[in-house]
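Undergrad: My structure file query-v8.pdb, PDB, C-alpha atoms, is below:
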```
MODEL        1
ATOM      1  CA  MET T1295      78.565  72.826  25.779
ATOM      2  CA  ILE T1296      80.676  73.273  28.889
ATOM      3  CA  GLY T1297      79.559  70.705  31.413
ATOM      4  CA  SER T1298      81.035  72.010  34.654
ATOM      5  CA  PRO T1299      80.164  75.378  36.187
ATOM      6  CA  ALA T1300      83.652  75.528  37.641
ATOM      7  CA  CYS T1301      85.334  75.417  34.245
ATOM      8  CA  ALA T1302      82.593  77.423  32.572
ATOM      9  CA  LYS T1303      83.805  80.548  34.340
ATOM     10  CA  GLU T1304      87.035  80.700  32.376
ATOM     11  CA  ALA T1305      86.644  78.397  29.382
ATOM     12  CA  ALA T1306      86.375  79.500  25.786
ATOM     13  CA  ILE T1307      82.953  79.734  24.175
ATOM     14  CA  SER T1308      81.530  76.407  23.001
ATOM     15  CA  THR T1309      78.062  76.821  21.512
ATOM     16  CA  PRO T1310      75.754  75.536  18.834
ATOM     17  CA  HIS T1311      76.590  77.253  15.573
ATOM     18  CA  PRO T1312      76.024  80.160  14.954
ATOM     19  CA  ILE T1313      76.459  82.289  18.091
ATOM     20  CA  VAL T1314      73.613  84.481  19.345
ATOM     21  CA  ILE T1315      74.826  87.938  20.377
ATOM     22  CA  ALA T1316      72.437  89.929  22.571
ATOM     23  CA  HIS T1317      72.620  93.417  21.082
ATOM     24  CA  ARG T1318      72.821  95.762  24.068
ATOM     25  CA  GLY T1319      71.199  92.931  26.012
ATOM     26  CA  ALA T1320      67.613  91.892  25.365
ATOM     27  CA  SER T1321      67.074  95.483  24.305
ATOM     28  CA  GLY T1322      63.751  94.776  22.612
ATOM     29  CA  GLU T1323      62.261  93.964  26.013
ATOM     30  CA  ARG T1324      64.224  96.080  28.509
ATOM     31  CA  PRO T1325      65.972  99.459  28.210
ATOM     32  CA  GLU T1326      69.268  98.828  26.446
ATOM     33  CA  HIS T1327      72.600  98.576  28.232
ATOM     34  CA  THR T1328      71.171  97.821  31.655
ATOM     35  CA  ILE T1329      71.903  94.882  33.914
ATOM     36  CA  ALA T1330      68.228  93.962  33.528
ATOM     37  CA  ALA T1331      68.601  93.768  29.722
ATOM     38  CA  TYR T1332      71.774  91.689  29.957
ATOM     39  CA  THR T1333      70.264  89.378  32.570
ATOM     40  CA  LEU T1334      67.159  88.737  30.477
ATOM     41  CA  ALA T1335      69.351  88.024  27.447
ATOM     42  CA  ILE T1336      71.260  85.395  29.388
ATOM     43  CA  GLU T1337      67.993  83.836  30.588
ATOM     44  CA  GLN T1338      66.821  83.680  26.975
ATOM     45  CA  GLY T1339      69.903  81.723  25.926
ATOM     46  CA  ALA T1340      72.245  84.316  24.423
ATOM     47  CA  ASP T1341      75.869  83.230  24.065
ATOM     48  CA  PHE T1342      77.273  86.763  24.281
ATOM     49  CA  ILE T1343      76.041  90.022  25.784
ATOM     50  CA  GLU T1344      77.102  93.196  24.003
ATOM     51  CA  PRO T1345      78.037  96.412  25.817
ATOM     52  CA  ASP T1346      78.826  99.563  23.853
ATOM     53  CA  LEU T1347      81.653 101.169  25.805
ATOM     54  CA  VAL T1348      82.172 104.869  26.444
ATOM     55  CA  MET T1349      84.331 106.558  29.069
ATOM     56  CA  THR T1350      83.736 108.728  32.089
ATOM     57  CA  LYS T1351      85.683 111.821  33.100
ATOM     58  CA  ASP T1352      87.672 109.680  35.536
ATOM     59  CA  GLY T1353      88.551 107.064  32.933
ATOM     60  CA  GLN T1354      86.019 104.339  33.702
ATOM     61  CA  PHE T1355      84.140 102.274  31.116
ATOM     62  CA  VAL T1356      80.340 102.441  31.176
ATOM     63  CA  ALA T1357      77.798 100.912  28.798
ATOM     64  CA  ARG T1358      75.846 103.415  26.696
ATOM     65  CA  HIS T1359      74.911 103.410  23.025
ATOM     66  CA  GLU T1360      76.644 106.780  22.700
ATOM     67  CA  ASN T1361      78.593 109.117  24.938
ATOM     68  CA  ASN T1362      75.701 111.556  24.414
ATOM     69  CA  ILE T1363      73.311 110.302  27.082
ATOM     70  CA  THR T1364      70.479 112.769  26.530
ATOM     71  CA  ASP T1365      68.081 110.179  25.102
ATOM     72  CA  THR T1366      69.082 107.156  27.181
ATOM     73  CA  THR T1367      69.079 108.582  30.719
ATOM     74  CA  ASP T1368      67.102 110.981  32.888
ATOM     75  CA  VAL T1369      69.997 113.463  33.013
ATOM     76  CA  ALA T1370      67.750 116.302  31.785
ATOM     77  CA  ASN T1371      65.701 115.908  34.967
ATOM     78  CA  HIS T1372      68.710 116.541  37.229
ATOM     79  CA  PRO T1373      68.981 120.280  37.929
ATOM     80  CA  GLU T1374      72.443 119.788  39.446
ATOM     81  CA  PHE T1375      73.727 118.832  35.982
ATOM     82  CA  ARG T1376      71.923 121.504  33.987
ATOM     83  CA  ASP T1377      75.148 123.378  33.297
ATOM     84  CA  ARG T1378      76.797 120.277  31.824
ATOM     85  CA  LYS T1379      74.671 120.508  28.676
ATOM     86  CA  THR T1380      76.911 121.451  25.776
ATOM     87  CA  SER T1381      77.613 121.041  22.063
ATOM     88  CA  LYS T1382      80.484 119.001  20.627
ATOM     89  CA  VAL T1383      81.735 117.719  17.294
ATOM     90  CA  ILE T1384      82.100 113.926  17.369
ATOM     91  CA  ASP T1385      83.185 111.977  14.306
ATOM     92  CA  GLY T1386      82.540 115.044  12.178
ATOM     93  CA  GLY T1387      78.983 115.701  13.382
ATOM     94  CA  LYS T1388      77.758 118.344  15.827
ATOM     95  CA  GLN T1389      75.777 117.062  18.788
ATOM     96  CA  THR T1390      74.118 118.856  21.696
ATOM     97  CA  GLY T1391      73.387 117.238  25.036
ATOM     98  CA  TRP T1392      75.085 115.701  28.022
ATOM     99  CA  PHE T1393      78.200 113.539  27.514
ATOM    100  CA  THR T1394      79.679 110.795  29.674
ATOM    101  CA  GLU T1395      83.170 112.272  29.533
ATOM    102  CA  ASP T1396      81.915 115.308  31.445
ATOM    103  CA  PHE T1397      80.782 113.194  34.416
ATOM    104  CA  THR T1398      82.591 111.093  36.977
ATOM    105  CA  LEU T1399      81.428 107.533  37.446
ATOM    106  CA  ALA T1400      79.922 108.473  40.807
ATOM    107  CA  GLU T1401      77.867 111.206  39.139
ATOM    108  CA  LEU T1402      76.675 108.906  36.356
ATOM    109  CA  LYS T1403      75.566 106.382  38.939
ATOM    110  CA  THR T1404      72.985 108.907  40.180
ATOM    111  CA  LEU T1405      71.244 108.774  36.782
ATOM    112  CA  ARG T1406      68.745 106.187  35.594
ATOM    113  CA  ALA T1407      68.256 104.619  32.179
ATOM    114  CA  ARG T1408      65.436 105.412  29.760
ATOM    115  CA  GLU T1409      64.141 103.577  26.695
ATOM    116  CA  ARG T1410      65.895 104.918  23.576
ATOM    117  CA  LEU T1411      63.070 104.037  21.135
ATOM    118  CA  PRO T1412      59.889 104.890  23.065
ATOM    119  CA  LEU T1413      57.664 105.175  19.981
ATOM    120  CA  LEU T1414      58.572 101.677  18.779
ATOM    121  CA  ARG T1415      58.978 100.039  22.187
ATOM    122  CA  ARG T1416      56.316 101.587  24.355
ATOM    123  CA  SER T1417      56.221  98.644  26.758
ATOM    124  CA  ASN T1418      59.853  99.290  27.651
ATOM    125  CA  THR T1419      59.053 102.779  28.888
ATOM    126  CA  ARG T1420      57.467 101.283  32.008
ATOM    127  CA  TYR T1421      61.024 100.541  33.140
ATOM    128  CA  ASP T1422      62.206 104.129  32.721
ATOM    129  CA  GLY T1423      63.936 105.358  35.840
ATOM    130  CA  GLN T1424      64.491 101.915  37.366
ATOM    131  CA  PHE T1425      67.999 100.909  36.271
ATOM    132  CA  ALA T1426      71.446 102.389  36.767
ATOM    133  CA  ILE T1427      74.157 102.748  34.126
ATOM    134  CA  PRO T1428      76.397  99.666  34.406
ATOM    135  CA  THR T1429      80.177  99.592  34.286
ATOM    136  CA  LEU T1430      82.187  97.140  32.223
ATOM    137  CA  ARG T1431      83.379  95.591  35.469
ATOM    138  CA  GLU T1432      79.792  94.934  36.555
ATOM    139  CA  ILE T1433      78.951  93.391  33.174
ATOM    140  CA  ILE T1434      81.948  91.066  33.345
ATOM    141  CA  ALA T1435      80.925  90.039  36.868
ATOM    142  CA  LEU T1436      77.389  89.319  35.636
ATOM    143  CA  ALA T1437      78.672  87.132  32.790
ATOM    144  CA  LYS T1438      80.975  85.189  35.108
ATOM    145  CA  GLU T1439      78.276  84.674  37.723
ATOM    146  CA  ALA T1440      75.794  83.498  35.109
ATOM    147  CA  SER T1441      78.361  81.124  33.601
ATOM    148  CA  ALA T1442      79.034  79.560  36.986
ATOM    149  CA  ARG T1443      75.317  79.337  37.810
ATOM    150  CA  THR T1444      74.065  77.940  34.509
ATOM    151  CA  GLY T1445      76.991  75.835  33.319
ATOM    152  CA  ARG T1446      76.923  77.729  30.017
ATOM    153  CA  THR T1447      79.780  80.006  29.046
ATOM    154  CA  ILE T1448      78.428  83.536  28.703
ATOM    155  CA  GLY T1449      80.781  85.809  26.817
ATOM    156  CA  ILE T1450      80.976  89.551  26.362
ATOM    157  CA  TYR T1451      81.244  91.359  23.030
ATOM    158  CA  PRO T1452      82.243  94.962  23.820
ATOM    159  CA  GLU T1453      82.323  97.724  21.219
ATOM    160  CA  THR T1454      84.729 100.621  21.578
ATOM    161  CA  LYS T1455      82.649 103.680  20.681
ATOM    162  CA  HIS T1456      84.367 106.691  19.119
ATOM    163  CA  PRO T1457      87.888 105.616  20.145
ATOM    164  CA  SER T1458      89.623 108.348  18.116
ATOM    165  CA  TYR T1459      87.445 110.997  19.715
ATOM    166  CA  PHE T1460      88.114 109.711  23.214
ATOM    167  CA  ALA T1461      91.850 109.577  22.499
ATOM    168  CA  SER T1462      91.699 113.208  21.321
ATOM    169  CA  ILE T1463      90.382 114.327  24.717
ATOM    170  CA  GLY T1464      92.952 112.354  26.707
ATOM    171  CA  LEU T1465      90.898 109.210  27.328
ATOM    172  CA  PRO T1466      92.433 106.511  25.088
ATOM    173  CA  MET T1467      90.508 103.265  25.302
ATOM    174  CA  GLU T1468      92.824 100.502  24.160
ATOM    175  CA  ALA T1469      95.207 100.003  27.085
ATOM    176  CA  ALA T1470      92.416 100.615  29.602
ATOM    177  CA  LEU T1471      90.235  97.940  28.013
ATOM    178  CA  VAL T1472      93.056  95.405  27.893
ATOM    179  CA  THR T1473      93.782  96.115  31.572
ATOM    180  CA  GLU T1474      90.138  95.432  32.483
ATOM    181  CA  LEU T1475      90.144  92.170  30.538
ATOM    182  CA  LYS T1476      93.435  91.066  32.078
ATOM    183  CA  ALA T1477      92.014  91.716  35.540
ATOM    184  CA  ALA T1478      89.130  89.394  34.620
ATOM    185  CA  GLY T1479      91.523  86.719  33.334
ATOM    186  CA  TRP T1480      90.106  87.267  29.858
ATOM    187  CA  ASP T1481      93.164  88.250  27.841
ATOM    188  CA  ARG T1482      93.695  85.026  25.907
ATOM    189  CA  ALA T1483      92.802  83.946  22.397
ATOM    190  CA  ASP T1484      90.318  81.461  23.859
ATOM    191  CA  ALA T1485      88.693  83.915  26.267
ATOM    192  CA  PRO T1486      84.904  84.328  25.893
ATOM    193  CA  VAL T1487      85.380  87.803  24.408
ATOM    194  CA  PHE T1488      85.223  89.558  21.053
ATOM    195  CA  ILE T1489      86.177  93.241  20.781
ATOM    196  CA  GLN T1490      84.508  95.190  17.968
ATOM    197  CA  SER T1491      84.914  98.623  16.450
ATOM    198  CA  PHE T1492      83.827 100.654  13.427
ATOM    199  CA  GLU T1493      87.288 102.203  13.400
ATOM    200  CA  VAL T1494      90.430 100.517  12.082
ATOM    201  CA  ASN T1495      93.457 101.924  13.837
ATOM    202  CA  ASN T1496      92.222 101.169  17.338
ATOM    203  CA  LEU T1497      91.691  97.522  16.340
ATOM    204  CA  LYS T1498      95.238  97.449  14.966
ATOM    205  CA  ALA T1499      96.472  98.907  18.252
ATOM    206  CA  LEU T1500      94.515  96.302  20.198
ATOM    207  CA  LYS T1501      96.006  93.567  18.018
ATOM    208  CA  ARG T1502      99.423  94.534  19.424
ATOM    209  CA  MET T1503      98.128  94.476  23.000
ATOM    210  CA  THR T1504      95.885  91.433  23.322
ATOM    211  CA  GLN T1505      95.186  87.983  21.946
ATOM    212  CA  VAL T1506      91.411  88.466  22.253
ATOM    213  CA  PRO T1507      89.768  88.130  18.806
ATOM    214  CA  LEU T1508      88.805  91.388  17.136
ATOM    215  CA  ILE T1509      85.848  92.172  14.863
ATOM    216  CA  GLN T1510      85.837  94.917  12.238
ATOM    217  CA  LEU T1511      82.389  96.490  12.074
ATOM    218  CA  LEU T1512      81.147  97.616   8.659
ATOM    219  CA  ALA T1513      78.317  99.982   7.785
ATOM    220  CA  ALA T1514      76.408 100.083   4.509
ATOM    221  CA  GLU T1515      77.436 103.707   3.960
ATOM    222  CA  GLY T1516      80.344 105.950   4.854
ATOM    223  CA  GLY T1517      83.699 104.912   6.197
ATOM    224  CA  PRO T1518      85.743 104.615   9.402
ATOM    225  CA  ALA T1519      85.788 107.809  11.470
ATOM    226  CA  ASP T1520      89.550 107.539  11.870
ATOM    227  CA  GLY T1521      90.022 107.862   8.111
ATOM    228  CA  ALA T1522      92.093 104.694   7.916
ATOM    229  CA  GLN T1523      90.134 103.513   4.855
ATOM    230  CA  PRO T1524      88.272 105.556   2.241
ATOM    231  CA  SER T1525      84.991 103.710   2.736
ATOM    232  CA  TYR T1526      83.448 100.579   4.197
ATOM    233  CA  ALA T1527      82.582  99.522   0.653
ATOM    234  CA  ALA T1528      86.294  99.448  -0.196
ATOM    235  CA  MET T1529      86.873  97.202   2.788
ATOM    236  CA  THR T1530      84.420  94.558   1.519
ATOM    237  CA  THR T1531      86.256  93.716  -1.706
ATOM    238  CA  PRO T1532      88.253  90.446  -1.643
ATOM    239  CA  ASP T1533      91.479  92.446  -1.221
ATOM    240  CA  GLY T1534      89.896  94.638   1.446
ATOM    241  CA  LEU T1535      88.767  91.581   3.398
ATOM    242  CA  LYS T1536      92.258  90.066   3.188
ATOM    243  CA  ALA T1537      93.599  93.297   4.684
ATOM    244  CA  ILE T1538      91.099  93.058   7.546
ATOM    245  CA  ALA T1539      92.184  89.465   8.181
ATOM    246  CA  ALA T1540      95.675  90.734   9.010
ATOM    247  CA  TYR T1541      94.386  92.245  12.264
ATOM    248  CA  ALA T1542      90.865  90.921  12.898
ATOM    249  CA  ALA T1543      89.193  87.536  13.307
ATOM    250  CA  GLY T1544      85.980  88.583  11.633
ATOM    251  CA  ILE T1545      83.628  91.258  10.367
ATOM    252  CA  GLY T1546      80.363  92.602  11.722
ATOM    253  CA  PRO T1547      78.528  93.981   8.675
ATOM    254  CA  ASP T1548      75.200  95.745   8.424
ATOM    255  CA  LYS T1549      72.889  92.837   7.598
ATOM    256  CA  ALA T1550      71.876  94.451   4.277
ATOM    257  CA  MET T1551      75.482  94.121   3.094
ATOM    258  CA  ALA T1552      75.159  90.325   3.240
ATOM    259  CA  ILE T1553      71.551  89.837   2.118
ATOM    260  CA  ARG T1554      69.675  92.660   0.449
ATOM    261  CA  PRO T1555      66.091  93.470   1.525
ATOM    262  CA  ASP T1556      64.794  91.659  -1.571
ATOM    263  CA  GLY T1557      66.474  88.449  -0.369
ATOM    264  CA  THR T1558      69.445  88.525  -2.762
ATOM    265  CA  VAL T1559      72.565  87.060  -1.171
ATOM    266  CA  THR T1560      75.669  89.149  -1.886
ATOM    267  CA  PRO T1561      79.206  87.687  -2.168
ATOM    268  CA  LEU T1562      80.215  89.147   1.198
ATOM    269  CA  ILE T1563      79.783  86.047   3.381
ATOM    270  CA  ALA T1564      81.608  83.775   0.937
ATOM    271  CA  ASP T1565      84.367  86.313   0.309
ATOM    272  CA  ALA T1566      84.869  86.875   4.049
ATOM    273  CA  HIS T1567      85.079  83.144   4.700
ATOM    274  CA  ALA T1568      87.575  82.808   1.855
ATOM    275  CA  ALA T1569      89.719  85.406   3.660
ATOM    276  CA  GLY T1570      89.459  83.400   6.905
ATOM    277  CA  LEU T1571      87.068  85.818   8.598
ATOM    278  CA  LYS T1572      84.000  85.103  10.716
ATOM    279  CA  VAL T1573      80.803  86.943   9.770
ATOM    280  CA  HIS T1574      78.504  88.368  12.482
ATOM    281  CA  PRO T1575      75.858  90.666  10.875
ATOM    282  CA  TRP T1576      73.787  93.249  12.742
ATOM    283  CA  THR T1577      71.033  93.860  13.826
ATOM    284  CA  PHE T1578      67.931  91.638  13.863
ATOM    285  CA  ARG T1579      64.877  93.311  15.356
ATOM    286  CA  ALA T1580      61.268  92.178  15.539
ATOM    287  CA  GLU T1581      59.537  95.463  14.756
ATOM    288  CA  ASN T1582      58.113  95.931  11.248
ATOM    289  CA  PHE T1583      60.049  99.198  11.048
ATOM    290  CA  PHE T1584      63.304  97.229  10.832
ATOM    291  CA  LEU T1585      62.152  94.262   8.728
ATOM    292  CA  PRO T1586      62.182  93.893   4.932
ATOM    293  CA  GLY T1587      58.745  94.320   3.346
ATOM    294  CA  GLY T1588      57.964  90.664   2.795
ATOM    295  CA  LEU T1589      58.457  89.809   6.470
ATOM    296  CA  ARG T1590      56.288  92.511   8.014
ATOM    297  CA  VAL T1591      53.000  91.670   9.701
ATOM    298  CA  GLY T1592      50.337  94.347   9.446
ATOM    299  CA  ILE T1593      51.032  98.025   8.831
ATOM    300  CA  LEU T1594      52.035  99.388  12.236
ATOM    301  CA  PRO T1595      55.764 100.176  12.478
ATOM    302  CA  MET T1596      55.945  98.954  16.082
ATOM    303  CA  ALA T1597      54.115  95.663  15.420
ATOM    304  CA  HIS T1598      56.239  92.530  15.360
ATOM    305  CA  GLY T1599      56.876  90.717  12.111
ATOM    306  CA  GLN T1600      58.711  87.543  11.115
ATOM    307  CA  ILE T1601      62.087  88.101  12.749
ATOM    308  CA  GLU T1602      62.896  84.385  12.933
ATOM    309  CA  ALA T1603      62.298  83.982   9.209
ATOM    310  CA  GLU T1604      64.760  86.793   8.571
ATOM    311  CA  ILE T1605      67.382  85.277  10.863
ATOM    312  CA  LEU T1606      66.972  81.913   9.123
ATOM    313  CA  ARG T1607      67.899  83.506   5.797
ATOM    314  CA  TYR T1608      71.266  84.440   7.271
ATOM    315  CA  ILE T1609      71.826  81.138   9.042
ATOM    316  CA  ASP T1610      71.155  79.352   5.762
ATOM    317  CA  ALA T1611      73.602  81.703   4.036
ATOM    318  CA  GLY T1612      76.329  80.575   6.442
ATOM    319  CA  VAL T1613      76.861  83.343   8.988
ATOM    320  CA  ASP T1614      78.906  82.482  12.073
ATOM    321  CA  GLY T1615      76.806  84.538  14.472
ATOM    322  CA  PHE T1616      74.387  87.459  14.575
ATOM    323  CA  PHE T1617      73.359  90.418  16.698
ATOM    324  CA  THR T1618      69.747  90.652  17.815
ATOM    325  CA  ASP T1619      67.673  92.790  20.161
ATOM    326  CA  TYR T1620      65.508  89.698  20.753
ATOM    327  CA  PRO T1621      67.821  86.843  21.849
ATOM    328  CA  TYR T1622      64.893  84.486  22.436
ATOM    329  CA  HIS T1623      63.948  84.638  18.770
ATOM    330  CA  GLY T1624      67.580  84.183  17.783
ATOM    331  CA  VAL T1625      67.883  81.056  19.880
ATOM    332  CA  GLN T1626      64.583  79.737  18.500
ATOM    333  CA  ALA T1627      65.644  80.346  14.909
ATOM    334  CA  ARG T1628      68.964  78.629  15.469
ATOM    335  CA  ALA T1629      67.197  75.658  17.038
ATOM    336  CA  GLN T1630      65.145  75.186  13.857
ATOM    337  CA  ARG T1631      68.358  74.461  11.960
ATOM    338  CA  SER T1632      69.808  72.302  14.724
ATOM    339  CA  ARG T1633      67.031  69.722  14.705
TER
ENDMDL
END
```
Render the structure in this file as structure tokens.
TA:
Amino acid sequence: MIGSPACAKEAAISTPHPIVIAHRGASGERPEHTIAAYTLAIEQGADFIEPDLVMTKDGQFVARHENNITDTTDVANHPEFRDRKTSKVIDGGKQTGWFTEDFTLAELKTLRARERLPLLRRSNTRYDGQFAIPTLREIIALAKEASARTGRTIGIYPETKHPSYFASIGLPMEAALVTELKAAGWDRADAPVFIQSFEVNNLKALKRMTQVPLIQLLAAEGGPADGAQPSYAAMTTPDGLKAIAAYAAGIGPDKAMAIRPDGTVTPLIADAHAAGLKVHPWTFRAENFFLPGGLRVGILPMAHGQIEAEILRYIDAGVDGFFTDYPYHGVQARAQRSR
């Protein structure tokens, strides 16, 4: 670990293996993508905090799960924005609601966050209306402050959401993101940053712009929205993984692509490592609803099951890191293999 707070601000990540990535912050215990969620994640020992990045009308990065903010903010309660409700086609699907690209940053700052999964995370709803939508700049500042205060290096792991869509409306993400990272002094190969995307071409564009390591996200179904590959399945063959290694440092697969719900380990982790790629699966959640049958406790979907046992399966299979909504449990699971 980094010993000096002074050097921790700028040094590369040095952590016990594997890294714990706080998925949207400690989003199991606070509304996702809020400074409160990121702060709690850091307190719980996360190595990286993960903001999903979307853009505002005036070209600023804010952290939201999607650019459609209907379910994650109180925008519907603001009569001054009633006429902003609209329908759009994003990545081939029609959506109706309010979208970040139709608001300036100043307007978005008047909104407050809401819990996205209120039926599964009822305790989080008590925080509805308390927290503002954070900017990427504020998240970077939080990570740097926490690194200096704790002596641990806290990294960020931003995801570019719908980059082809944003480019199509005149808000390309790549150069703007690199500019933000350069301003933070985080544009080196050893910076405490990973950039991730489900698309391919924007990662290839970023490869030409920055030395920051890139992560190709992979879903169990479908394919990249930019059409750069026919399917995610095609990208997980040995040849597909070698192609990814030409522009990315690793993959972020749906966890079921690495270990099936019945506990069967697929070749993906070994094949990715053979191609020189890191493997950071997503997403580990405590609720029974998200756990494989053998690790559930009781019958209620919102009850918590054996999340640490699930994480241990992946650590034992050799992953290099993992995304979790419950960083505390991720740190605890990792500690069991570090003893």
Undergrad: Name the residues in contact with Ala1540 of chain T at a cut-off of 10 Å, using only C-alpha atoms, excluding same-chain residues fewer than 5 positions from it; report them as a list in words.
TA: Lys1498, Lys1501, Leu1535, Ala1569, Gly1570 and Leu1571 of chain T
Undergrad: On this structure, which residues satisfy the PyMOL selection byres ((chain T and resi 1347) around 12), written as a ChimeraX atom specification?
TA: /T:1318,1327,1344-1346,1348-1350,1353-1361,1394-1395,1427-1431,1433,1450-1457,1460,1467-1468,1470-1471,1489-1491
Undergrad: Name all residues at most 10 Å from Arg1607 of chain T (count all atoms listed in the file; drop same-chain ones fewer than 4 positions away) and give them as a PyMOL selection string.
TA: chain T and resi 1553+1557+1559+1602-1603+1611-1613+1627
Undergrad: Can you tell me which residues surround segment 1584-1592 of chain T at a distance of at most 8 Å, considering all atoms listed in the file, apart from same-chain residues fewer than 3 positions away, and format the answer as a PDB file with C-alpha atoms, in the coordinates of the input?
TA:
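Okay, selection.pdb is ready:
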```pdb
ATOM      1  CA  PRO T1555      66.091  93.470   1.525  1.00  0.00           C
ATOM      2  CA  ASP T1556      64.794  91.659  -1.571  1.00  0.00           C
ATOM      3  CA  PHE T1578      67.931  91.638  13.863  1.00  0.00           C
ATOM      4  CA  ARG T1579      64.877  93.311  15.356  1.00  0.00           C
ATOM      5  CA  ALA T1580      61.268  92.178  15.539  1.00  0.00           C
ATOM      6  CA  GLU T1581      59.537  95.463  14.756  1.00  0.00           C
ATOM      7  CA  ALA T1597      54.115  95.663  15.420  1.00  0.00           C
ATOM      8  CA  HIS T1598      56.239  92.530  15.360  1.00  0.00           C
ATOM      9  CA  GLY T1599      56.876  90.717  12.111  1.00  0.00           C
ATOM     10  CA  GLN T1600      58.711  87.543  11.115  1.00  0.00           C
ATOM     11  CA  ILE T1601      62.087  88.101  12.749  1.00  0.00           C
ATOM     12  CA  ALA T1603      62.298  83.982   9.209  1.00  0.00           C
ATOM     13  CA  GLU T1604      64.760  86.793   8.571  1.00  0.00           C
TER      14      GLU T1604
END
```
Undergrad: Starting from the displayed file, determine the output of the PyMOL selection byres ((chain T and resi 1405-1410) around 8) and express the residue list as a PyMOL selection string.
TA: chain T and resi 1324-1326+1328+1365-1369+1401-1404+1411-1412+1415+1418-1419+1421-1427
Undergrad: Pick out the closest residue to Ala1542 of chain T from this set: T:His1567, T:Arg1376, T:Lys1572, T:Arg1554. Count all atoms listed in the file.
TA: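 Closest residue, counting all atoms listed in the file: T:Lys1572.
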